[in-house]
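Below is protein07.pdb, which holds PDB, C-alpha atoms and all ligand atoms.
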```
ATOM      1  CA  MET A   1    -294.663  62.907-124.279
ATOM      2  CA  THR A   2    -291.078  61.808-123.987
ATOM      3  CA  ASP A   3    -291.402  58.294-122.571
ATOM      4  CA  HIS A   4    -292.042  56.930-126.055
ATOM      5  CA  ASN A   5    -291.459  53.277-125.235
ATOM      6  CA  HIS A   6    -294.688  53.129-123.268
ATOM      7  CA  GLN A   7    -296.707  55.031-125.835
ATOM      8  CA  VAL A   8    -299.169  53.623-128.328
ATOM      9  CA  ALA A   9    -300.413  55.566-131.342
ATOM     10  CA  ILE A  10    -303.292  54.792-133.677
ATOM     11  CA  VAL A  11    -302.768  55.856-137.281
ATOM     12  CA  THR A  12    -305.691  55.554-139.707
ATOM     13  CA  GLY A  13    -305.018  55.493-143.438
ATOM     14  CA  ALA A  14    -301.719  53.919-142.431
ATOM     15  CA  GLY A  15    -301.405  51.958-145.673
ATOM     16  CA  GLY A  16    -301.388  55.210-147.673
ATOM     17  CA  THR A  17    -298.645  57.548-148.798
ATOM     18  CA  LEU A  18    -298.698  60.218-146.089
ATOM     19  CA  CYS A  19    -299.789  58.260-143.049
ATOM     20  CA  SER A  20    -297.507  55.287-143.659
ATOM     21  CA  GLU A  21    -294.676  57.826-143.410
ATOM     22  CA  MET A  22    -296.156  59.197-140.171
ATOM     23  CA  ALA A  23    -296.522  55.668-138.782
ATOM     24  CA  ARG A  24    -292.909  54.789-139.634
ATOM     25  CA  ALA A  25    -291.666  58.048-138.088
ATOM     26  CA  LEU A  26    -293.584  57.460-134.854
ATOM     27  CA  ALA A  27    -292.445  53.828-134.692
ATOM     28  CA  ALA A  28    -288.827  54.983-135.091
ATOM     29  CA  LYS A  29    -289.213  56.862-131.790
ATOM     30  CA  GLY A  30    -290.177  53.612-130.052
ATOM     31  CA  ILE A  31    -293.928  54.269-130.067
ATOM     32  CA  LYS A  32    -296.051  51.181-130.752
ATOM     33  CA  ILE A  33    -298.378  51.773-133.704
ATOM     34  CA  ALA A  34    -301.831  50.437-134.534
ATOM     35  CA  LEU A  35    -302.048  50.613-138.332
ATOM     36  CA  LEU A  36    -305.651  51.035-139.484
ATOM     37  CA  GLY A  37    -307.073  50.940-143.009
ATOM     38  CA  ARG A  38    -309.338  48.638-145.004
ATOM     39  CA  ASP A  39    -306.786  46.844-147.181
ATOM     40  CA  ILE A  40    -304.801  44.555-144.872
ATOM     41  CA  LYS A  41    -302.187  43.893-147.574
ATOM     42  CA  LYS A  42    -301.185  47.571-147.689
ATOM     43  CA  LEU A  43    -301.043  47.682-143.883
ATOM     44  CA  LYS A  44    -298.933  44.529-143.681
ATOM     45  CA  ILE A  45    -296.298  46.120-145.925
ATOM     46  CA  VAL A  46    -295.988  49.010-143.455
ATOM     47  CA  GLU A  47    -296.007  46.595-140.514
ATOM     48  CA  GLU A  48    -293.092  44.709-142.111
ATOM     49  CA  GLN A  49    -291.183  47.949-142.803
ATOM     50  CA  ILE A  50    -291.602  48.991-139.176
ATOM     51  CA  ALA A  51    -290.487  45.555-137.920
ATOM     52  CA  ALA A  52    -287.454  45.624-140.239
ATOM     53  CA  ALA A  53    -286.458  48.950-138.656
ATOM     54  CA  GLY A  54    -286.828  47.472-135.160
ATOM     55  CA  GLY A  55    -290.250  48.948-134.351
ATOM     56  CA  ILE A  56    -293.524  47.454-133.178
ATOM     57  CA  SER A  57    -296.824  47.810-135.006
ATOM     58  CA  LEU A  58    -300.042  45.940-135.591
ATOM     59  CA  ALA A  59    -302.054  45.984-138.821
ATOM     60  CA  ILE A  60    -305.822  45.900-138.250
ATOM     61  CA  SER A  61    -308.260  45.976-141.142
ATOM     62  CA  THR A  62    -310.802  48.643-140.189
ATOM     63  CA  ASP A  63    -313.408  50.767-141.945
ATOM     64  CA  VAL A  64    -313.191  54.121-140.178
ATOM     65  CA  THR A  65    -316.695  55.099-141.340
ATOM     66  CA  ASP A  66    -318.172  52.130-139.469
ATOM     67  CA  GLN A  67    -318.435  52.546-135.699
ATOM     68  CA  ALA A  68    -318.628  48.784-135.026
ATOM     69  CA  SER A  69    -315.470  48.206-137.079
ATOM     70  CA  VAL A  70    -313.618  50.965-135.174
ATOM     71  CA  GLU A  71    -314.814  49.564-131.832
ATOM     72  CA  GLN A  72    -313.592  46.107-132.850
ATOM     73  CA  ALA A  73    -310.197  47.616-133.750
ATOM     74  CA  GLN A  74    -310.077  49.314-130.357
ATOM     75  CA  LYS A  75    -310.661  45.998-128.591
ATOM     76  CA  ILE A  76    -307.715  44.451-130.453
ATOM     77  CA  ILE A  77    -305.485  47.475-129.770
ATOM     78  CA  LEU A  78    -306.200  47.474-126.036
ATOM     79  CA  GLU A  79    -305.630  43.708-125.836
ATOM     80  CA  GLN A  80    -302.460  43.555-127.916
ATOM     81  CA  LEU A  81    -300.759  46.963-127.615
ATOM     82  CA  GLY A  82    -302.323  48.479-124.504
ATOM     83  CA  LYS A  83    -303.458  52.008-123.665
ATOM     84  CA  PHE A  84    -303.017  54.600-126.418
ATOM     85  CA  ASN A  85    -302.721  58.381-126.245
ATOM     86  CA  ILE A  86    -302.158  59.411-129.873
ATOM     87  CA  LEU A  87    -304.631  59.288-132.756
ATOM     88  CA  ILE A  88    -303.732  60.358-136.281
ATOM     89  CA  ASN A  89    -306.900  60.562-138.383
ATOM     90  CA  GLY A  90    -305.288  60.091-141.783
ATOM     91  CA  ALA A  91    -307.838  57.967-143.657
ATOM     92  CA  GLY A  92    -309.432  59.915-146.469
ATOM     93  CA  GLY A  93    -309.523  60.418-150.188
ATOM     94  CA  ASN A  94    -311.694  60.922-153.221
ATOM     95  CA  GLN A  95    -313.627  58.886-155.816
ATOM     96  CA  THR A  96    -313.666  59.442-159.566
ATOM     97  CA  GLU A  97    -317.479  59.436-159.841
ATOM     98  CA  ALA A  98    -317.665  62.287-157.311
ATOM     99  CA  ILE A  99    -315.221  64.505-159.222
ATOM    100  CA  THR A 100    -316.203  66.626-162.219
ATOM    101  CA  THR A 101    -314.014  66.476-165.313
ATOM    102  CA  ILE A 102    -314.669  70.155-166.035
ATOM    103  CA  ASN A 103    -313.941  73.300-164.038
ATOM    104  CA  GLU A 104    -317.185  75.175-164.713
ATOM    105  CA  PHE A 105    -320.717  74.585-165.949
ATOM    106  CA  ASP A 106    -321.041  73.398-169.532
ATOM    107  CA  PRO A 107    -324.562  73.149-171.069
ATOM    108  CA  LYS A 108    -323.491  69.746-172.491
ATOM    109  CA  GLU A 109    -323.799  68.283-168.988
ATOM    110  CA  LEU A 110    -327.585  68.767-169.072
ATOM    111  CA  THR A 111    -328.014  66.106-171.774
ATOM    112  CA  ASN A 112    -324.743  64.183-171.308
ATOM    113  CA  THR A 113    -324.632  60.363-171.257
ATOM    114  CA  ASP A 114    -320.836  59.948-171.607
ATOM    115  CA  PRO A 115    -319.472  58.659-168.235
ATOM    116  CA  ASP A 116    -316.065  60.180-168.995
ATOM    117  CA  PHE A 117    -317.546  63.671-169.182
ATOM    118  CA  ARG A 118    -318.807  64.768-165.784
ATOM    119  CA  GLY A 119    -320.254  68.118-164.866
ATOM    120  CA  PHE A 120    -321.782  68.718-161.441
ATOM    121  CA  PHE A 121    -325.164  67.578-162.810
ATOM    122  CA  ASN A 122    -323.673  64.255-163.980
ATOM    123  CA  LEU A 123    -322.108  63.267-160.661
ATOM    124  CA  ASP A 124    -323.192  60.138-158.816
ATOM    125  CA  MET A 125    -324.798  61.413-155.604
ATOM    126  CA  ASP A 126    -324.218  58.116-153.781
ATOM    127  CA  ARG A 127    -320.470  58.374-154.487
ATOM    128  CA  PHE A 128    -320.610  62.077-153.554
ATOM    129  CA  LEU A 129    -322.044  61.134-150.156
ATOM    130  CA  GLU A 130    -319.443  58.374-149.695
ATOM    131  CA  VAL A 131    -316.626  60.893-150.214
ATOM    132  CA  ILE A 132    -318.214  63.237-147.678
ATOM    133  CA  LYS A 133    -318.603  60.350-145.250
ATOM    134  CA  THR A 134    -315.023  59.070-145.645
ATOM    135  CA  ASN A 135    -313.528  62.524-145.138
ATOM    136  CA  SER A 136    -315.805  63.577-142.276
ATOM    137  CA  MET A 137    -317.241  60.630-140.321
ATOM    138  CA  GLY A 138    -314.031  58.739-141.157
ATOM    139  CA  SER A 139    -312.274  61.045-138.671
ATOM    140  CA  ILE A 140    -315.235  61.838-136.431
ATOM    141  CA  ILE A 141    -316.033  58.179-135.585
ATOM    142  CA  PRO A 142    -312.417  57.318-134.568
ATOM    143  CA  SER A 143    -312.294  60.553-132.528
ATOM    144  CA  PHE A 144    -315.541  59.493-130.853
ATOM    145  CA  VAL A 145    -314.483  55.901-130.110
ATOM    146  CA  PHE A 146    -310.769  56.363-129.372
ATOM    147  CA  GLY A 147    -311.178  59.878-127.920
ATOM    148  CA  LYS A 148    -313.531  58.530-125.248
ATOM    149  CA  THR A 149    -310.952  55.943-124.205
ATOM    150  CA  MET A 150    -308.171  58.541-124.217
ATOM    151  CA  ALA A 151    -310.305  60.784-121.977
ATOM    152  CA  PHE A 152    -310.902  57.818-119.676
ATOM    153  CA  HIS A 153    -307.153  57.149-119.459
ATOM    154  CA  GLY A 154    -306.235  60.781-118.756
ATOM    155  CA  GLY A 155    -305.615  62.476-122.092
ATOM    156  CA  GLY A 156    -303.606  62.514-125.284
ATOM    157  CA  SER A 157    -303.372  64.114-128.656
ATOM    158  CA  ILE A 158    -305.418  63.869-131.858
ATOM    159  CA  ILE A 159    -304.225  65.046-135.271
ATOM    160  CA  ASN A 160    -306.732  65.395-138.127
ATOM    161  CA  ILE A 161    -305.766  65.857-141.758
ATOM    162  CA  ALA A 162    -307.288  68.808-143.608
ATOM    163  CA  SER A 163    -306.387  70.007-147.118
ATOM    164  CA  MET A 164    -305.983  73.041-149.359
ATOM    165  CA  SER A 165    -309.631  72.264-150.203
ATOM    166  CA  SER A 166    -310.440  73.238-146.624
ATOM    167  CA  TYR A 167    -309.622  76.850-147.514
ATOM    168  CA  ARG A 168    -309.945  77.267-151.273
ATOM    169  CA  ALA A 169    -312.830  76.106-153.462
ATOM    170  CA  LEU A 170    -310.537  74.070-155.698
ATOM    171  CA  SER A 171    -312.301  73.140-158.935
ATOM    172  CA  ARG A 172    -313.839  69.676-159.480
ATOM    173  CA  VAL A 173    -313.681  68.269-155.918
ATOM    174  CA  ALA A 174    -316.852  69.612-154.270
ATOM    175  CA  ALA A 175    -317.589  66.629-152.015
ATOM    176  CA  TYR A 176    -314.004  66.374-150.787
ATOM    177  CA  ALA A 177    -313.838  70.157-150.187
ATOM    178  CA  PHE A 178    -317.159  70.110-148.335
ATOM    179  CA  ALA A 179    -315.812  67.495-145.922
ATOM    180  CA  LYS A 180    -312.254  68.830-145.591
ATOM    181  CA  SER A 181    -313.435  72.371-144.821
ATOM    182  CA  GLY A 182    -315.565  70.814-142.080
ATOM    183  CA  MET A 183    -312.430  69.139-140.708
ATOM    184  CA  VAL A 184    -310.933  72.553-139.802
ATOM    185  CA  SER A 185    -314.107  73.478-137.957
ATOM    186  CA  PHE A 186    -314.385  70.057-136.280
ATOM    187  CA  THR A 187    -310.757  70.355-135.135
ATOM    188  CA  GLN A 188    -311.542  73.717-133.507
ATOM    189  CA  TRP A 189    -314.728  72.401-131.950
ATOM    190  CA  LEU A 190    -313.224  69.196-130.589
ATOM    191  CA  GLY A 191    -310.060  70.995-129.435
ATOM    192  CA  ALA A 192    -312.148  73.376-127.363
ATOM    193  CA  TYR A 193    -314.439  70.622-126.125
ATOM    194  CA  LEU A 194    -311.709  68.192-125.067
ATOM    195  CA  ALA A 195    -309.380  70.713-123.417
ATOM    196  CA  PRO A 196    -310.706  69.781-119.935
ATOM    197  CA  ALA A 197    -310.098  66.111-120.811
ATOM    198  CA  ASN A 198    -306.393  66.886-121.369
ATOM    199  CA  ILE A 199    -306.711  65.973-125.043
ATOM    200  CA  ARG A 200    -305.277  68.376-127.600
ATOM    201  CA  VAL A 201    -306.831  68.255-131.071
ATOM    202  CA  ASN A 202    -305.043  69.839-134.020
ATOM    203  CA  ALA A 203    -304.835  69.320-137.760
ATOM    204  CA  ILE A 204    -302.303  69.411-140.568
ATOM    205  CA  ALA A 205    -303.391  70.745-143.957
ATOM    206  CA  PRO A 206    -300.999  69.271-146.520
ATOM    207  CA  GLY A 207    -300.628  71.082-149.806
ATOM    208  CA  PHE A 208    -300.169  68.942-152.908
ATOM    209  CA  PHE A 209    -298.297  65.719-152.205
ATOM    210  CA  LEU A 210    -298.111  62.993-154.823
ATOM    211  CA  ASN A 211    -299.873  59.751-153.954
ATOM    212  CA  GLU A 212    -301.078  56.906-156.202
ATOM    213  CA  ARG A 213    -304.177  58.797-157.368
ATOM    214  CA  SER A 214    -302.708  62.291-157.665
ATOM    215  CA  THR A 215    -299.620  61.063-159.522
ATOM    216  CA  LYS A 216    -301.968  60.030-162.356
ATOM    217  CA  LEU A 217    -304.057  63.200-162.104
ATOM    218  CA  LEU A 218    -301.226  65.712-161.888
ATOM    219  CA  THR A 219    -298.170  64.299-163.632
ATOM    220  CA  THR A 220    -297.145  62.810-166.975
ATOM    221  CA  PRO A 221    -293.853  61.122-167.851
ATOM    222  CA  GLU A 222    -292.825  64.464-169.405
ATOM    223  CA  GLY A 223    -293.955  66.748-166.577
ATOM    224  CA  PHE A 224    -297.413  67.914-165.510
ATOM    225  CA  THR A 225    -300.984  67.413-166.656
ATOM    226  CA  GLU A 226    -302.990  70.606-167.232
ATOM    227  CA  ARG A 227    -304.245  70.451-163.625
ATOM    228  CA  GLY A 228    -300.758  69.743-162.314
ATOM    229  CA  ALA A 229    -299.432  72.727-164.261
ATOM    230  CA  SER A 230    -302.107  75.050-162.863
ATOM    231  CA  ILE A 231    -301.225  73.915-159.323
ATOM    232  CA  MET A 232    -297.547  74.665-160.018
ATOM    233  CA  LYS A 233    -298.496  78.131-161.260
ATOM    234  CA  LEU A 234    -300.065  78.841-157.858
ATOM    235  CA  SER A 235    -297.270  77.144-155.860
ATOM    236  CA  PRO A 236    -294.498  79.580-154.902
ATOM    237  CA  MET A 237    -292.058  76.703-154.230
ATOM    238  CA  LYS A 238    -292.820  75.151-157.652
ATOM    239  CA  LYS A 239    -292.843  71.564-156.439
ATOM    240  CA  PHE A 240    -295.055  68.947-154.837
ATOM    241  CA  GLY A 241    -294.574  68.079-151.183
ATOM    242  CA  LYS A 242    -292.917  64.892-150.022
ATOM    243  CA  ALA A 243    -294.377  62.856-147.139
ATOM    244  CA  PRO A 244    -291.313  63.289-144.847
ATOM    245  CA  GLN A 245    -291.968  67.055-144.946
ATOM    246  CA  LEU A 246    -295.049  66.503-142.757
ATOM    247  CA  ILE A 247    -293.155  64.787-139.977
ATOM    248  CA  GLY A 248    -291.745  67.903-138.294
ATOM    249  CA  THR A 249    -295.229  69.399-137.975
ATOM    250  CA  MET A 250    -296.625  66.108-136.673
ATOM    251  CA  ASN A 251    -293.828  65.865-134.108
ATOM    252  CA  TYR A 252    -294.444  69.441-132.986
ATOM    253  CA  LEU A 253    -298.179  68.881-132.550
ATOM    254  CA  LEU A 254    -297.628  65.674-130.569
ATOM    255  CA  ASP A 255    -294.948  67.136-128.306
ATOM    256  CA  ASP A 256    -296.549  68.272-125.057
ATOM    257  CA  GLU A 257    -293.579  70.494-124.274
ATOM    258  CA  ALA A 258    -293.309  72.201-127.656
ATOM    259  CA  SER A 259    -297.070  72.569-128.290
ATOM    260  CA  GLY A 260    -298.614  71.990-124.864
ATOM    261  CA  PHE A 261    -300.565  75.262-125.107
ATOM    262  CA  VAL A 262    -301.756  74.599-128.671
ATOM    263  CA  THR A 263    -305.145  73.118-129.512
ATOM    264  CA  GLY A 264    -307.798  73.526-132.197
ATOM    265  CA  ILE A 265    -305.410  74.797-134.860
ATOM    266  CA  THR A 266    -304.701  73.631-138.398
ATOM    267  CA  ILE A 267    -301.163  74.049-139.734
ATOM    268  CA  SER A 268    -300.672  74.218-143.497
ATOM    269  CA  VAL A 269    -297.629  72.508-144.977
ATOM    270  CA  ASP A 270    -298.109  73.690-148.523
ATOM    271  CA  GLY A 271    -295.031  75.242-150.137
ATOM    272  CA  GLY A 272    -296.736  78.638-149.885
ATOM    273  CA  PHE A 273    -299.884  77.660-151.837
ATOM    274  CA  LEU A 274    -302.298  79.432-149.467
ATOM    275  CA  ALA A 275    -300.084  82.490-149.269
ATOM    276  CA  CYS A 276    -300.089  82.949-153.028
ATOM    277  CA  GLY A 277    -302.616  85.388-154.484
ATOM    278  CA  GLY A 278    -302.246  83.897-157.937
ATOM    279  CA  ILE A 279    -301.409  87.086-159.861
TER     280      ILE A 279
HETATM  281  N1  LIG A 301    -301.755  63.629-150.948
HETATM  282  C1  LIG A 301    -302.128  64.885-150.829
HETATM  283  O1  LIG A 301    -301.706  65.757-151.590
HETATM  284  C2  LIG A 301    -303.065  65.291-149.751
HETATM  285  C3  LIG A 301    -303.304  66.653-149.592
HETATM  286  C4  LIG A 301    -304.163  67.077-148.581
HETATM  287  C5  LIG A 301    -304.760  66.153-147.756
HETATM  288  N2  LIG A 301    -304.529  64.824-147.948
HETATM  289  C6  LIG A 301    -305.193  63.908-147.024
HETATM  290  O2  LIG A 301    -304.178  63.199-146.341
HETATM  291  C7  LIG A 301    -304.677  61.915-145.977
HETATM  292  C8  LIG A 301    -303.748  60.852-146.520
HETATM  293  O3  LIG A 301    -303.674  61.022-147.928
HETATM  294  P1  LIG A 301    -302.689  60.183-148.872
HETATM  295  O4  LIG A 301    -302.225  61.116-149.918
HETATM  296  O5  LIG A 301    -301.709  59.439-148.071
HETATM  297  O6  LIG A 301    -303.737  59.215-149.554
HETATM  298  P2  LIG A 301    -303.697  57.641-149.757
HETATM  299  O7  LIG A 301    -302.336  57.204-150.125
HETATM  300  O8  LIG A 301    -304.815  57.336-150.684
HETATM  301  O9  LIG A 301    -304.033  57.113-148.300
HETATM  302  C9  LIG A 301    -305.304  57.238-147.746
HETATM  303  C10 LIG A 301    -305.631  55.963-147.017
HETATM  304  O10 LIG A 301    -306.912  56.082-146.398
HETATM  305  C11 LIG A 301    -307.460  54.776-146.331
HETATM  306  N3  LIG A 301    -308.914  54.833-146.263
HETATM  307  C12 LIG A 301    -309.773  55.405-147.134
HETATM  308  N4  LIG A 301    -311.038  55.181-146.760
HETATM  309  C13 LIG A 301    -310.976  54.455-145.614
HETATM  310  C14 LIG A 301    -311.936  53.884-144.755
HETATM  311  N5  LIG A 301    -313.254  54.022-144.974
HETATM  312  N6  LIG A 301    -311.504  53.188-143.674
HETATM  313  C15 LIG A 301    -310.191  53.018-143.434
HETATM  314  N7  LIG A 301    -309.230  53.523-144.218
HETATM  315  C16 LIG A 301    -309.620  54.225-145.299
HETATM  316  C17 LIG A 301    -306.993  54.074-147.603
HETATM  317  O11 LIG A 301    -306.728  52.720-147.372
HETATM  318  P3  LIG A 301    -307.790  51.555-147.726
HETATM  319  O12 LIG A 301    -308.315  51.837-149.103
HETATM  320  O13 LIG A 301    -307.003  50.320-147.593
HETATM  321  O14 LIG A 301    -308.844  51.661-146.703
HETATM  322  C18 LIG A 301    -305.671  54.766-147.947
HETATM  323  O15 LIG A 301    -304.552  53.932-147.724
HETATM  324  C19 LIG A 301    -306.101  61.850-146.525
HETATM  325  O16 LIG A 301    -306.995  62.250-145.528
HETATM  326  C20 LIG A 301    -306.075  62.857-147.645
HETATM  327  O17 LIG A 301    -307.354  63.329-147.935
HETATM  328  C21 LIG A 301    -303.692  64.374-148.922
END
```
Please go through the file and, once you have read it, give me the structure as structure tokens.
Amino acid sequence: MTDHNHQVAIVTGAGGTLCSEMARALAAKGIKIALLGRDIKKLKIVEEQIAAAGGISLAISTDVTDQASVEQAQKIILEQLGKFNILINGAGGNQTEAITTINEFDPKELTNTDPDFRGFFNLDMDRFLEVIKTNSMGSIIPSFVFGKTMAFHGGGSIINIASMSSYRALSRVAAYAFAKSGMVSFTQWLGAYLAPANIRVNAIAPGFFLNERSTKLLTTPEGFTERGASIMKLSPMKKFGKAPQLIGTMNYLLDDEASGFVTGITISVDGGFLACGGI
């Protein structure tokens, strides 16, 4: 994949912290980028940054959990940017009502009416399902729609985004973990399935990187929240990741020379979090 000027990549979640960085990095190589997300304002900021750096991108408001919306985006991409051979499935995230505020069962949750105290039995099951859907179908539907077109045009590369929750039952985030652990398995399955279509499918599992939501959850002006501090305790490198630290792994996975015999794998970029036994 060296003739970048004729390449087109689709990046979902492109208005967010990690995937805006990926989109900018790909655009800097001369690859044209379709920027997908729901909030067009966030996408337009990235589109402007890419244009200011001399790159080409197109912001398209899309709900990745909605097949019709993804198909509509595809129509626009094919018309305005042309054939694509890279898909980064970055859209994802969590919702407050699907996250417990406690780490283990507390009998108070059985009679609780305080919305700021949430045990598992106080969670909103509709929100729980939405989180599962965003972090599973939100990558499966784009793989289905765009993957079919990539197969038709001769191949390409798909990168999914997993998480530390894919491997460890991190407290509080059951719905997110349920979906992100499935993303490792889906990456294996689709990698094996699409090998004859000349499409490689891999994933990156970022450790803890600060974004808008996690900055509030994990940090204070003085340092760390309790949760942030417990993450640091289990992080050998004693720091959060920064979005540019994902770019080398992305480049490797997209490079047909460097990783042409690699499919179905998930690479952790986690400052040693998964390697750490905790004691
Ligand atoms: N930050 C971390 O530490 C970390 C660690 C492990 C994995 N991850 C994963 O890495 C990916 C990027 O995370 P991030 O930290 O960059 O989060 P982020 O800043 O919140 O970006 C995620 C983006 O996904 C988009 N999105 C959510 N639901 C969508 C939908 N239904 N359709 C289209 N777009 C949707 C959001 O944009 P709209 O609201 O505009 O749609 C948002 O800009 C996610 O999959 C996340 O789960 C992050």
On this structure, the PyMOL selection byres (((chain A and resi 177) around 9) and not hetatm) would catch which residues? List them as a list of chain:residue names, sorted by chain and number.
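What the PyMOL selection byres (((chain A and resi 177) around 9) and not hetatm) grabs from the file is A:Ile132, A:Ser163, A:Met164, A:Ser165, A:Ser166, A:Tyr167, A:Arg168, A:Ala169, A:Leu170, A:Val173, A:Ala174, A:Ala175, A:Tyr176, A:Phe178, A:Ala179, A:Lys180, A:Ser181, A:Gly182.
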Selection from above, C-alpha atoms, as an mmCIF file, keeping the file's coordinate frame, can you write it?
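Once written, out.cif looks like this:
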```cif
data_model
loop_
_atom_site.group_PDB
_atom_site.id
_atom_site.type_symbol
_atom_site.label_atom_id
_atom_site.label_comp_id
_atom_site.auth_asym_id
_atom_site.auth_seq_id
_atom_site.Cartn_x
_atom_site.Cartn_y
_atom_site.Cartn_z
ATOM 1 C CA ILE A 132 -318.214 63.237 -147.678
ATOM 2 C CA SER A 163 -306.387 70.007 -147.118
ATOM 3 C CA MET A 164 -305.983 73.041 -149.359
ATOM 4 C CA SER A 165 -309.631 72.264 -150.203
ATOM 5 C CA SER A 166 -310.440 73.238 -146.624
ATOM 6 C CA TYR A 167 -309.622 76.850 -147.514
ATOM 7 C CA ARG A 168 -309.945 77.267 -151.273
ATOM 8 C CA ALA A 169 -312.830 76.106 -153.462
ATOM 9 C CA LEU A 170 -310.537 74.070 -155.698
ATOM 10 C CA VAL A 173 -313.681 68.269 -155.918
ATOM 11 C CA ALA A 174 -316.852 69.612 -154.270
ATOM 12 C CA ALA A 175 -317.589 66.629 -152.015
ATOM 13 C CA TYR A 176 -314.004 66.374 -150.787
ATOM 14 C CA PHE A 178 -317.159 70.110 -148.335
ATOM 15 C CA ALA A 179 -315.812 67.495 -145.922
ATOM 16 C CA LYS A 180 -312.254 68.830 -145.591
ATOM 17 C CA SER A 181 -313.435 72.371 -144.821
ATOM 18 C CA GLY A 182 -315.565 70.814 -142.080
#
```
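Note that the spacing between atom CA of Gly156 of chain A and atom CA of Gly30 of chain A amounts to 16.8 Å.
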Explicit residue set for the PyMOL selection byres (((chain A and resi 225-234) around 12) and not hetatm), as a VMD selection string:
chain A and resid 101 to 103 164 168 170 to 172 207 to 210 214 to 224 235 to 241 270 to 279
Could I get the residues of chain A with an atom no further than 8 Å from an atom of ligand LIG 301 (chain A), each paired with its nearest atom pair and that distance in Å to one decimal, using all atoms listed in the file, sorted by chain and residue number, as CSV?
```
residue,atom,partner,partner_atom,distance
A:Thr12,CA,A:LIG301,N7,6.1
A:Gly13,CA,A:LIG301,O10,3.6
A:Ala14,CA,A:LIG301,O15,6.0
A:Gly15,CA,A:LIG301,O15,4.2
A:Gly16,CA,A:LIG301,O7,3.3
A:Thr17,CA,A:LIG301,O5,3.7
A:Leu18,CA,A:LIG301,O5,3.7
A:Cys19,CA,A:LIG301,O5,5.5
A:Ser20,CA,A:LIG301,O5,7.4
A:Leu36,CA,A:LIG301,C15,6.3
A:Gly37,CA,A:LIG301,N7,3.6
A:Arg38,CA,A:LIG301,O14,3.5
A:Asp39,CA,A:LIG301,O13,3.5
A:Ile40,CA,A:LIG301,O13,6.7
A:Lys42,CA,A:LIG301,O13,6.4
A:Leu43,CA,A:LIG301,O13,7.5
A:Ser61,CA,A:LIG301,C15,7.7
A:Thr62,CA,A:LIG301,C15,5.5
A:Asp63,CA,A:LIG301,N6,3.5
A:Val64,CA,A:LIG301,N6,4.0
A:Thr65,CA,A:LIG301,N5,5.1
A:Asp66,CA,A:LIG301,N5,7.6
A:Asn89,CA,A:LIG301,O16,7.3
A:Gly90,CA,A:LIG301,C7,4.6
A:Ala91,CA,A:LIG301,O10,3.5
A:Gly92,CA,A:LIG301,O16,3.5
A:Gly93,CA,A:LIG301,O17,4.3
A:Asn94,CA,A:LIG301,O17,7.3
A:Thr134,CA,A:LIG301,N5,5.4
A:Asn135,CA,A:LIG301,O16,6.6
A:Gly138,CA,A:LIG301,N5,6.1
A:Ile161,CA,A:LIG301,O16,5.4
A:Ala162,CA,A:LIG301,C5,5.5
A:Ser163,CA,A:LIG301,C4,4.0
A:Met164,CA,A:LIG301,C4,6.3
A:Ser165,CA,A:LIG301,C4,7.7
A:Tyr176,CA,A:LIG301,O17,7.9
A:Lys180,CA,A:LIG301,O17,7.7
A:Ala205,CA,A:LIG301,C4,6.0
A:Pro206,CA,A:LIG301,C4,4.4
A:Gly207,CA,A:LIG301,C3,5.2
A:Phe208,CA,A:LIG301,O1,3.8
A:Phe209,CA,A:LIG301,O1,3.5
A:Leu210,CA,A:LIG301,N1,5.4
A:Asn211,CA,A:LIG301,O4,4.9
A:Glu212,CA,A:LIG301,O7,6.2
A:Arg213,CA,A:LIG301,O8,6.9
A:Ser214,CA,A:LIG301,N1,6.9
A:Gly241,CA,A:LIG301,O1,7.5
```
Counting all atoms listed in the file, select every polymer residue within 8 Å of (-309.9, 71.0, -130.1) as defined in the file's coordinates, and provide the selection as a list in words.
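Answer for this query, in the requested form: Phe186, Thr187, Gln188, Trp189, Leu190, Gly191, Ala192, Tyr193, Leu194, Ala195, Ile199, Arg200, Val201, Asn202, Thr263, Gly264 and Ile265 of chain A.
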Listed atoms of segment 242-245 of chain A, axis-aligned box, 3 Å per side: centre and edge lengths to one decimal in Å, as JSON?
```
{"center_x": -292.8, "center_y": 65.0, "center_z": -147.4, "size_x": 9.1, "size_y": 10.2, "size_z": 11.2}
```
